[in-house]
file structure00.cif (mmCIF, C-alpha atoms)
data_upload
loop_
_atom_site.label_atom_id
_atom_site.label_comp_id
_atom_site.auth_asym_id
_atom_site.auth_seq_id
_atom_site.Cartn_x
_atom_site.Cartn_y
_atom_site.Cartn_z
CA MET A 939 0.00 0.00 0.00
CA LYS A 940 2.84 2.38 0.83
CA THR A 941 4.45 1.68 -2.56
CA LEU A 942 1.16 2.39 -4.32
CA HIS A 943 0.71 5.66 -2.41
CA LEU A 944 4.23 6.78 -3.30
CA TYR A 945 3.60 5.90 -6.94
CA ILE A 946 0.41 7.99 -7.04
CA LEU A 947 2.06 10.92 -5.25
CA ARG A 948 5.03 10.90 -7.64
CA GLN A 949 2.68 10.94 -10.61
CA ILE A 950 0.61 13.77 -9.11
CA LEU A 951 3.64 15.88 -8.14
CA ALA A 952 5.32 15.47 -11.53
CA THR A 953 2.14 16.42 -13.40
CA LEU A 954 1.43 19.23 -10.92
CA CYS A 955 4.84 20.81 -11.53
CA MET A 956 4.34 20.63 -15.30
CA THR A 957 0.86 22.12 -15.29
CA VAL A 958 1.70 24.84 -12.76
CA VAL A 959 4.63 25.96 -14.92
CA VAL A 960 2.32 26.14 -17.95
CA PHE A 961 -0.33 28.16 -16.10
CA ILE A 962 2.28 30.45 -14.53
CA PHE A 963 3.72 31.20 -17.96
CA VAL A 964 0.29 31.98 -19.41
CA LEU A 965 -0.72 34.21 -16.48
CA LEU A 966 2.61 36.02 -16.42
CA VAL A 967 2.39 36.84 -20.10
CA GLY A 968 -1.01 38.38 -19.46
CA ASN A 969 0.09 40.34 -16.37
CA ALA A 970 3.81 41.12 -16.24
CA LEU A 971 4.16 42.12 -19.89
CA LYS A 972 0.96 44.14 -19.75
CA GLN A 973 2.30 46.16 -16.81
CA VAL A 974 5.79 46.81 -18.17
CA LEU A 975 4.95 47.03 -21.88
CA ASP A 976 4.98 50.82 -21.92
CA LEU A 977 8.36 50.88 -20.22
CA MET A 978 9.74 48.26 -22.61
CA VAL A 979 8.57 50.25 -25.63
CA GLY A 980 10.18 53.35 -24.18
CA GLY A 981 13.43 51.46 -23.73
CA GLN A 982 13.33 51.95 -19.95
CA ALA A 983 12.63 48.35 -18.87
CA ASN A 984 15.89 46.43 -18.95
CA ALA A 985 16.26 42.68 -18.40
CA GLY A 986 16.83 43.12 -14.66
CA LEU A 987 13.63 45.09 -14.25
CA VAL A 988 11.60 42.50 -16.16
CA VAL A 989 13.04 39.65 -14.08
CA LYS A 990 12.32 41.48 -10.83
CA ALA A 991 8.78 42.30 -11.98
CA ILE A 992 8.17 38.64 -12.81
CA GLY A 993 9.49 37.61 -9.39
CA LEU A 994 7.16 40.03 -7.62
CA LEU A 995 4.16 38.85 -9.65
CA MET A 996 4.93 35.18 -9.02
CA PRO A 997 2.86 34.91 -5.79
CA TYR A 998 -0.08 36.56 -7.56
CA VAL A 999 -0.07 34.07 -10.43
CA CYS A 1000 0.67 31.16 -8.07
CA ALA A 1001 -2.54 31.92 -6.18
CA TYR A 1002 -4.43 30.97 -9.37
CA SER A 1003 -2.07 28.54 -11.10
CA LEU A 1004 -1.66 26.22 -8.09
CA PRO A 1005 -5.38 25.25 -7.80
CA MET A 1006 -5.65 25.03 -11.58
CA GLY A 1007 -2.56 22.85 -11.71
CA MET A 1008 -3.86 20.56 -8.97
CA LEU A 1009 -7.17 20.10 -10.81
CA THR A 1010 -5.42 19.33 -14.09
CA ALA A 1011 -3.00 16.93 -12.40
CA ALA A 1012 -5.87 15.00 -10.78
CA LEU A 1013 -7.73 14.76 -14.09
CA LEU A 1014 -4.69 13.63 -16.07
CA VAL A 1015 -3.22 11.17 -13.56
CA PHE A 1016 -6.46 9.42 -12.64
CA GLY A 1017 -7.65 9.53 -16.25
CA ARG A 1018 -4.54 7.58 -17.28
CA PHE A 1019 -4.85 5.40 -14.18
CA SER A 1020 -8.34 4.41 -15.26
CA ALA A 1021 -7.58 4.11 -18.99
CA ASP A 1022 -4.64 1.77 -18.35
CA ASN A 1023 -6.85 -0.47 -16.16
CA GLU A 1024 -4.55 0.16 -13.20
CA LEU A 1025 -7.57 1.17 -11.14
CA THR A 1026 -9.23 -2.18 -11.97
CA ALA A 1027 -6.13 -4.02 -10.76
CA VAL A 1028 -6.07 -2.00 -7.53
CA ARG A 1029 -9.73 -2.74 -6.84
CA ALA A 1030 -9.18 -6.41 -7.56
CA SER A 1031 -6.56 -6.46 -4.81
CA GLY A 1032 -9.15 -5.22 -2.30
CA ILE A 1033 -8.02 -1.60 -2.02
CA SER A 1034 -10.78 1.00 -1.97
CA LEU A 1035 -10.60 4.16 -4.03
CA VAL A 1036 -10.89 6.38 -0.96
CA SER A 1037 -7.88 4.80 0.74
CA LEU A 1038 -5.98 5.02 -2.55
CA VAL A 1039 -6.53 8.76 -3.00
CA LEU A 1040 -6.14 9.72 0.66
CA PRO A 1041 -2.49 10.92 0.26
CA VAL A 1042 -3.54 13.06 -2.70
CA LEU A 1043 -6.31 14.68 -0.65
CA LEU A 1044 -3.86 15.32 2.18
CA LEU A 1045 -1.45 16.89 -0.32
CA SER A 1046 -4.24 19.20 -1.50
CA LEU A 1047 -4.88 20.29 2.10
CA VAL A 1048 -1.18 21.12 2.51
CA LEU A 1049 -1.41 23.20 -0.67
CA CYS A 1050 -4.48 24.92 0.79
CA GLY A 1051 -2.37 26.03 3.75
CA PHE A 1052 0.31 27.34 1.42
CA SER A 1053 -2.33 29.10 -0.71
CA ALA A 1054 -3.75 30.76 2.43
CA TYR A 1055 -0.32 32.19 3.27
CA VAL A 1056 0.09 33.43 -0.31
CA ASN A 1057 -3.42 34.93 -0.54
CA LEU A 1058 -3.49 36.55 2.89
CA GLU A 1059 0.08 37.78 3.35
CA LEU A 1060 2.58 37.25 0.54
CA GLU A 1061 0.57 38.24 -2.53
CA PRO A 1062 -0.65 41.64 -1.21
CA LYS A 1063 2.89 42.59 -0.16
CA THR A 1064 4.49 41.61 -3.46
CA ARG A 1065 1.79 43.36 -5.49
CA THR A 1066 2.49 46.54 -3.52
CA GLN A 1067 6.21 46.10 -4.16
CA PHE A 1068 5.50 45.52 -7.85
CA LYS A 1069 3.54 48.77 -7.99
CA ALA A 1070 6.44 50.56 -6.30
CA LEU A 1071 8.86 48.97 -8.80
CA VAL A 1072 6.85 50.26 -11.76
CA ALA A 1073 6.64 53.69 -10.09
CA GLN A 1074 10.40 53.69 -9.60
CA ALA A 1075 10.88 52.68 -13.23
CA LYS A 1076 8.78 55.67 -14.24
CA PHE A 1077 11.36 57.84 -12.53
CA ASP A 1078 13.64 57.15 -15.47
CA LEU A 1079 10.92 58.43 -17.79
CA THR A 1080 10.89 61.87 -16.22
CA SER A 1081 13.66 62.96 -18.60
CA VAL A 1082 11.24 62.11 -21.40
CA GLN A 1083 8.26 63.76 -19.70
CA LEU A 1084 10.30 66.91 -18.96
CA PRO A 1085 12.79 67.12 -21.86
CA GLU A 1086 15.36 69.87 -22.03
CA GLY A 1087 15.27 73.02 -24.08
CA ARG A 1088 11.61 73.21 -25.15
CA TYR A 1089 8.20 74.16 -23.82
CA ILE A 1090 6.21 71.21 -22.49
CA ARG A 1091 2.44 71.50 -22.86
CA ASP A 1092 1.49 67.93 -21.89
CA PHE A 1093 0.01 68.86 -18.51
CA ASP A 1094 -3.27 70.48 -17.51
CA ASN A 1095 -3.08 74.27 -16.98
CA VAL A 1096 0.74 74.23 -16.76
CA ILE A 1097 3.52 74.86 -19.25
CA PHE A 1098 7.06 73.76 -18.35
CA TYR A 1099 10.40 74.88 -19.63
CA VAL A 1100 13.51 73.08 -18.36
CA GLY A 1101 16.97 74.26 -19.30
CA LYS A 1102 18.62 71.02 -18.19
CA ASN A 1103 17.31 67.71 -16.82
CA ASP A 1104 20.07 65.58 -15.29
CA LYS A 1105 18.26 62.37 -14.26
CA GLY A 1106 15.58 64.27 -12.38
CA GLU A 1107 17.77 67.17 -11.23
CA LEU A 1108 16.37 70.23 -12.98
CA HIS A 1109 18.13 73.51 -13.80
CA ASP A 1110 16.71 76.79 -15.07
CA VAL A 1111 13.07 75.87 -14.64
CA THR A 1112 10.11 77.99 -15.72
CA VAL A 1113 6.52 77.08 -14.85
CA MET A 1114 3.62 79.05 -16.34
CA TYR A 1115 0.14 78.60 -14.84
CA LEU A 1116 -2.88 78.84 -17.14
CA PRO A 1117 -6.07 78.58 -15.03
CA ASP A 1118 -8.28 79.00 -18.10
CA LYS A 1119 -5.95 76.94 -20.34
CA THR A 1120 -5.27 79.96 -22.55
CA ASN A 1121 -3.86 82.97 -20.66
CA VAL A 1122 -0.85 82.91 -18.35
CA ALA A 1123 -1.89 84.01 -14.83
CA SER A 1124 1.48 83.61 -13.11
CA THR A 1125 4.99 82.44 -13.83
CA VAL A 1126 7.38 80.73 -11.43
CA VAL A 1127 11.09 80.50 -12.16
CA ALA A 1128 13.82 78.68 -10.27
CA LYS A 1129 17.49 78.07 -10.82
CA ARG A 1130 17.13 74.44 -9.82
CA GLY A 1131 14.52 71.83 -8.97
CA ARG A 1132 13.86 68.13 -8.76
CA VAL A 1133 11.33 65.74 -10.30
CA TRP A 1134 10.38 62.23 -9.12
CA VAL A 1135 7.53 59.72 -9.01
CA GLU A 1136 5.72 59.03 -5.74
CA GLU A 1137 5.92 55.33 -4.83
CA GLY A 1138 2.50 55.15 -3.20
CA THR A 1139 0.48 56.86 -5.93
CA GLY A 1140 2.68 56.80 -9.03
CA GLU A 1141 2.16 60.58 -9.44
CA LEU A 1142 4.78 62.87 -10.90
CA ARG A 1143 6.07 65.35 -8.29
CA VAL A 1144 8.07 68.51 -8.92
CA LYS A 1145 9.93 70.60 -6.34
CA LEU A 1146 11.46 73.98 -7.10
CA PHE A 1147 14.09 75.50 -4.82
CA GLU A 1148 14.23 79.23 -4.04
CA ALA A 1149 11.51 79.93 -6.57
CA GLN A 1150 10.49 83.42 -7.68
CA ALA A 1151 6.91 84.12 -8.78
CA MET A 1152 5.55 86.80 -11.09
CA THR A 1153 1.76 87.14 -10.91
CA ILE A 1154 -0.32 89.13 -13.38
CA LEU A 1155 -2.91 91.13 -11.46
CA LYS A 1156 -6.48 90.30 -12.39
CA GLY A 1157 -7.92 92.89 -14.77
CA GLN A 1158 -4.53 94.60 -15.04
CA GLU A 1159 -2.63 92.65 -17.68
CA ASN A 1160 0.21 95.14 -17.70
CA GLN A 1161 0.72 94.99 -13.91
CA ILE A 1162 3.01 92.22 -12.64
CA MET A 1163 3.61 91.52 -8.94
CA PRO A 1164 6.92 89.76 -8.19
CA ALA A 1165 7.26 87.64 -5.07
CA SER A 1166 9.67 85.19 -3.51
CA VAL A 1167 7.91 81.87 -2.74
CA GLY A 1168 10.88 79.85 -1.50
CA ASP A 1169 10.67 76.10 -2.03
CA LEU A 1170 7.59 75.04 -4.00
CA GLU A 1171 6.39 71.44 -4.37
CA PHE A 1172 3.43 70.40 -6.53
CA THR A 1173 1.94 67.67 -8.75
CA PRO A 1174 1.36 68.54 -12.40
CA LYS A 1175 -1.82 66.89 -13.68
CA ASP A 1176 -1.49 64.84 -16.83
CA PRO A 1177 -4.84 64.69 -18.70
CA ARG A 1178 -3.83 61.46 -20.41
CA GLU A 1179 -3.72 59.57 -17.13
CA LYS A 1180 -6.66 58.56 -14.98
CA LYS A 1181 -6.98 60.33 -11.69
CA LYS A 1182 -5.27 58.32 -9.02
CA GLY A 1183 -6.29 57.92 -5.41
CA GLY A 1184 -4.34 58.70 -2.29
CA GLY A 1185 -1.34 56.89 -0.96
CA LYS A 1186 -3.41 54.46 1.09
CA ALA A 1187 -3.51 50.97 -0.37
CA SER A 1188 -6.80 49.64 -1.67
CA VAL A 1189 -8.38 46.67 0.09
CA ASP A 1190 -7.27 44.22 -2.60
CA LYS A 1191 -3.63 45.11 -1.82
CA MET A 1192 -3.89 44.79 1.98
CA THR A 1193 -2.68 41.86 4.05
CA LEU A 1194 -5.00 40.09 6.48
CA SER A 1195 -3.77 42.14 9.45
CA GLN A 1196 -4.21 45.36 7.48
CA LEU A 1197 -7.72 44.36 6.43
CA ARG A 1198 -8.66 43.64 10.04
CA GLN A 1199 -7.24 46.98 11.15
CA GLU A 1200 -9.12 48.74 8.34
CA LEU A 1201 -12.31 46.95 9.39
CA ARG A 1202 -11.91 48.11 12.99
CA GLU A 1203 -11.25 51.70 11.93
CA VAL A 1204 -14.26 51.82 9.62
CA GLU A 1205 -16.54 50.31 12.28
CA ALA A 1206 -15.25 52.80 14.86
CA ALA A 1207 -16.18 55.65 12.53
CA PHE A 1208 -19.86 54.71 12.89
CA ALA A 1209 -19.99 54.86 16.69
CA LEU A 1210 -23.15 56.40 18.13
CA PRO A 1211 -22.90 59.27 20.67
CA ALA A 1212 -23.53 58.03 24.18
CA THR A 1213 -25.84 60.89 25.23
CA GLY A 1214 -28.13 63.54 23.82
CA LEU A 1215 -30.67 61.24 22.15
CA THR A 1216 -34.10 60.05 23.19
CA PRO A 1217 -34.76 56.28 23.10
CA ALA A 1218 -36.73 56.63 19.84
CA GLU A 1219 -34.06 58.79 18.23
CA ARG A 1220 -31.39 56.41 19.42
CA ALA A 1221 -33.18 53.39 17.91
CA ALA A 1222 -33.63 55.18 14.57
CA ALA A 1223 -30.02 56.37 14.57
CA LEU A 1224 -28.76 52.87 15.38
CA LYS A 1225 -30.72 51.43 12.47
CA GLN A 1226 -29.38 54.05 10.09
CA LEU A 1227 -25.82 53.67 11.36
CA LYS A 1228 -25.99 49.89 11.03
CA ARG A 1229 -27.07 50.18 7.40
CA ALA A 1230 -24.30 52.69 6.63
CA ARG A 1231 -21.71 50.63 8.53
CA ASP A 1232 -22.66 47.44 6.67
CA GLU A 1233 -22.31 49.21 3.33
CA ALA A 1234 -18.91 50.65 4.29
CA THR A 1235 -17.48 47.44 5.75
CA CYS A 1236 -18.95 44.99 3.23
CA PRO A 1237 -16.09 45.32 0.66
CA ILE A 1238 -13.53 44.64 3.40
CA ARG A 1239 -15.41 41.59 4.70
CA VAL A 1240 -15.83 40.25 1.17
CA GLN A 1241 -12.12 40.69 0.50
CA ILE A 1242 -11.19 38.73 3.64
CA GLN A 1243 -13.65 35.92 2.93
CA ARG A 1244 -12.74 35.76 -0.76
CA ARG A 1245 -9.09 35.17 0.04
CA LEU A 1246 -9.93 32.54 2.63
CA ALA A 1247 -12.37 30.81 0.28
CA SER A 1248 -10.00 30.79 -2.69
CA SER A 1249 -7.34 29.22 -0.45
CA PHE A 1250 -9.48 26.06 -0.30
CA ALA A 1251 -9.77 25.82 -4.09
CA CYS A 1252 -7.01 23.19 -4.20
CA PHE A 1253 -9.04 20.79 -2.05
CA GLY A 1254 -12.29 21.31 -3.96
CA PHE A 1255 -10.58 20.96 -7.33
CA THR A 1256 -8.80 17.77 -6.23
CA LEU A 1257 -11.97 16.27 -4.79
CA ILE A 1258 -13.89 16.79 -8.03
CA GLY A 1259 -10.93 16.13 -10.36
CA ILE A 1260 -10.23 12.57 -9.15
CA PRO A 1261 -13.67 11.03 -9.90
CA LEU A 1262 -14.05 13.07 -13.11
CA GLY A 1263 -10.68 11.79 -14.34
CA ILE A 1264 -11.82 8.21 -13.64
CA ARG A 1265 -15.15 8.76 -15.40
CA VAL A 1266 -13.59 10.41 -18.46
CA HIS A 1267 -11.33 7.35 -18.79
CA ARG A 1268 -9.00 9.05 -21.27
CA ARG A 1269 -5.22 9.28 -21.59
CA GLU A 1270 -5.14 12.37 -23.83
CA THR A 1271 -3.64 15.43 -22.17
CA ASN A 1272 -5.69 17.92 -24.18
CA VAL A 1273 -8.96 16.42 -22.90
CA GLY A 1274 -7.83 16.90 -19.30
CA PHE A 1275 -6.80 20.49 -19.98
CA LEU A 1276 -10.15 21.31 -21.60
CA ILE A 1277 -12.12 19.87 -18.69
CA ALA A 1278 -9.90 21.71 -16.22
CA LEU A 1279 -10.38 25.04 -18.00
CA GLY A 1280 -14.15 24.54 -18.04
CA LEU A 1281 -14.27 23.81 -14.32
CA VAL A 1282 -11.98 26.74 -13.54
CA MET A 1283 -14.25 29.09 -15.49
CA VAL A 1284 -17.29 27.85 -13.55
CA TYR A 1285 -15.51 28.19 -10.19
CA TYR A 1286 -14.18 31.71 -10.70
CA THR A 1287 -17.39 32.90 -12.36
CA LEU A 1288 -19.28 31.94 -9.21
CA MET A 1289 -16.57 33.63 -7.16
CA LEU A 1290 -16.86 36.81 -9.21
CA ILE A 1291 -20.62 36.91 -8.67
CA GLY A 1292 -20.09 37.09 -4.91
CA THR A 1293 -17.25 39.61 -5.24
CA GLY A 1294 -19.28 41.78 -7.58
CA LEU A 1295 -21.95 42.20 -4.90
CA ASP A 1296 -19.50 43.61 -2.34
CA THR A 1297 -21.43 46.91 -2.20
CA ARG A 1298 -24.77 45.18 -1.50
CA PRO A 1299 -24.65 43.77 2.03
CA GLN A 1300 -28.29 42.67 1.82
CA PHE A 1301 -27.17 39.77 -0.41
CA PHE A 1302 -24.49 38.64 2.11
CA PRO A 1303 -21.69 38.51 -0.51
CA GLN A 1304 -19.12 37.59 2.17
CA TYR A 1305 -20.85 34.21 2.35
CA LEU A 1306 -21.60 33.91 -1.37
CA VAL A 1307 -17.87 33.75 -2.14
CA TRP A 1308 -17.81 30.38 -0.33
CA LEU A 1309 -20.50 28.99 -2.65
CA PRO A 1310 -18.03 27.64 -5.31
CA ASN A 1311 -16.19 25.66 -2.62
CA PHE A 1312 -19.39 24.16 -1.23
CA ILE A 1313 -20.56 23.19 -4.72
CA PHE A 1314 -17.26 21.68 -5.88
CA GLN A 1315 -16.57 19.86 -2.62
CA GLY A 1316 -20.14 18.57 -2.39
CA VAL A 1317 -20.26 17.37 -5.99
CA GLY A 1318 -16.75 15.95 -5.69
CA ALA A 1319 -17.60 14.01 -2.52
CA VAL A 1320 -20.70 12.49 -4.16
CA LEU A 1321 -18.80 11.55 -7.34
CA LEU A 1322 -15.95 10.05 -5.33
CA TRP A 1323 -18.40 8.02 -3.24
CA ARG A 1324 -20.11 6.72 -6.40
CA ALA A 1325 -16.77 5.94 -8.06
CA ASP A 1326 -15.64 4.03 -4.98
CA ARG A 1327 -18.72 1.82 -5.29
CA GLY A 1328 -18.44 1.50 -9.05
CA VAL A 1329 -21.71 3.32 -9.68
#
call {"tool": "encode", "arguments": {"input": "structure00.cif", "output": "structure tokens"}}
result
Amino acid sequence: MKTLHLYILRQILATLCMTVVVFIFVLLVGNALKQVLDLMVGGQANAGLVVKAIGLLMPYVCAYSLPMGMLTAALLVFGRFSADNELTAVRASGISLVSLVLPVLLLSLVLCGFSAYVNLELEPKTRTQFKALVAQAKFDLTSVQLPEGRYIRDFDNVIFYVGKNDKGELHDVTVMYLPDKTNVASTVVAKRGRVWVEEGTGELRVKLFEAQAMTILKGQENQIMPASVGDLEFTPKDPREKKKGGGKASVDKMTLSQLRQELREVEAAFALPATGLTPAERAAALKQLKRARDEATCPIRVQIQRRLASSFACFGFTLIGIPLGIRVHRRETNVGFLIALGLVMVYYTLMLIGTGLDTRPQFFPQYLVWLPNFIFQGVGAVLLWRADRGV
């Protein structure tokens, strides 16, 4: 029995490694290259940057490729096992299917634990680092965004002129403000300045040192008021880019501890004053606050439950993949891949339905994200029980 278990595990692990590599490659092509394509076209993304970006995205793609690989491995291995009549020989020796696949199910539970660590801690951190890496890479593009020796009209309501741009160190800078996009309202000049990209937001920041301002008085175009403004720091707005949020990470980029802290802070913001309300007013206020609190905290709760639920995908996929592989009774690899892709689409479609309702707490989306696991594990358990009895 031990020899048979080791044989099955070796087959599963070998196929798992192969399929995970395939899925990782496919997902990386769709994510890493998409993110760094602009930098590559601009000649700013060297080989080291691409390798580092791929390394930082690896936990993100592993969170999806590992369950998909486990499902495909179960379908392929037990499909061949059944097609070669090895399963018939095992049953003839008095070994049940459940006892045969027990090590594989235990392996899937171990992978669930690893997936939980990736989903809850590692993946949010590396995605944040990846965003910072891309922002840092954009720093090298500032010499393109603020080229030397010409007027730059790429920003909203601002015209730049830079005498020299030495890797972000600016010299002889002129900034003209156009509040109505046509007429110059004020001009700021500085002997030197600096330009960089904020890591948290990816926004372009400019700082001028010992700046001098010349403001045209309203209604008096020929009257100019000079003034010394000292150091001036600002963010020029690029109309070609979407407006970005603040430096605080979104919930999909927070770790489990950060999500819990965010949940506590949001709930604390809806605390009811202890005094000053009649019982009727207090009851009405509590009802209103509860509704508002549920709407505000629902996306955070859904994010926590989604990551926990997706961590158990390996077990559900394995449980349904083993009996399906036996029933399909085929050796062909392409058949196993097609079935796996179909099941993956069903699983993540159901998951997306729950995630898409994260702003509607009345539908309890934090529980709906567990629905794919319940369905796959329930159907898989029934199919495995029927396969064990030869039904």
call {"tool": "resolve_selection", "arguments": {"input": "structure00.cif", "expression": "the PyMOL selection byres ((chain A and resi 1124) around 7)", "output": "PyMOL selection string"}}
result
chain A and resi 1114-1115+1122-1123+1125-1126+1151-1154
call {"tool": "atom_distance", "arguments": {"input": "structure00.cif", "atom1": "CA of Leu1058 in chain A", "atom2": "CA of Leu1194 in chain A"}}
result
5.3 Å
call {"tool": "closest_residue", "arguments": {"input": "structure00.cif", "among": "A:Phe1172, A:Phe1253, A:Phe963, A:Tyr998", "to": "Tyr1055 in chain A", "atoms": "all atoms listed in the file"}}
result
A:Tyr998
call {"tool": "atom_distance", "arguments": {"input": "structure00.cif", "atom1": "CA of Thr1297 in chain A", "atom2": "CA of Ile1238 in chain A"}}
result
9.9 Å
call {"tool": "residues_around", "arguments": {"input": "structure00.cif", "residues": "Arg1239 in chain A", "least_positions_apart": "6", "cutoff": "12 Å", "atoms": "only C-alpha atoms", "output": "NGL selection string"}}
result
:A and (1189-1190 or 1194 or 1197-1202 or 1204-1205 or 1231-1233 or 1245-1246 or 1292-1293 or 1295-1299 or 1302-1307)
call {"tool": "atom_distance", "arguments": {"input": "structure00.cif", "atom1": "CA of Val1135 in chain A", "atom2": "CA of Phe1093 in chain A"}}
result
15.2 Å
call {"tool": "resolve_selection", "arguments": {"input": "structure00.cif", "expression": "the PyMOL selection byres ((chain A and resi 1047) around 12)", "output": "PyMOL selection string"}}
result
chain A and resi 1005+1008+1040-1046+1048-1054+1249-1257
call {"tool": "closest_residue", "arguments": {"input": "structure00.cif", "among": "A:Ala1149, A:Leu1279, A:Val1028, A:Ile1033", "to": "Thr957 in chain A", "atoms": "all atoms listed in the file"}}
result
A:Leu1279
call {"tool": "closest_residue", "arguments": {"input": "structure00.cif", "among": "A:Leu995, A:Met1006, A:Val1015, A:Leu1071", "to": "Gly1280 in chain A", "atoms": "only C-alpha atoms"}}
result
A:Met1006
call {"tool": "closest_residue", "arguments": {"input": "structure00.cif", "among": "A:Val1273, A:Ile992, A:Leu1322, A:Leu1281", "to": "Val1039 in chain A", "atoms": "only C-alpha atoms"}}
result
A:Leu1322
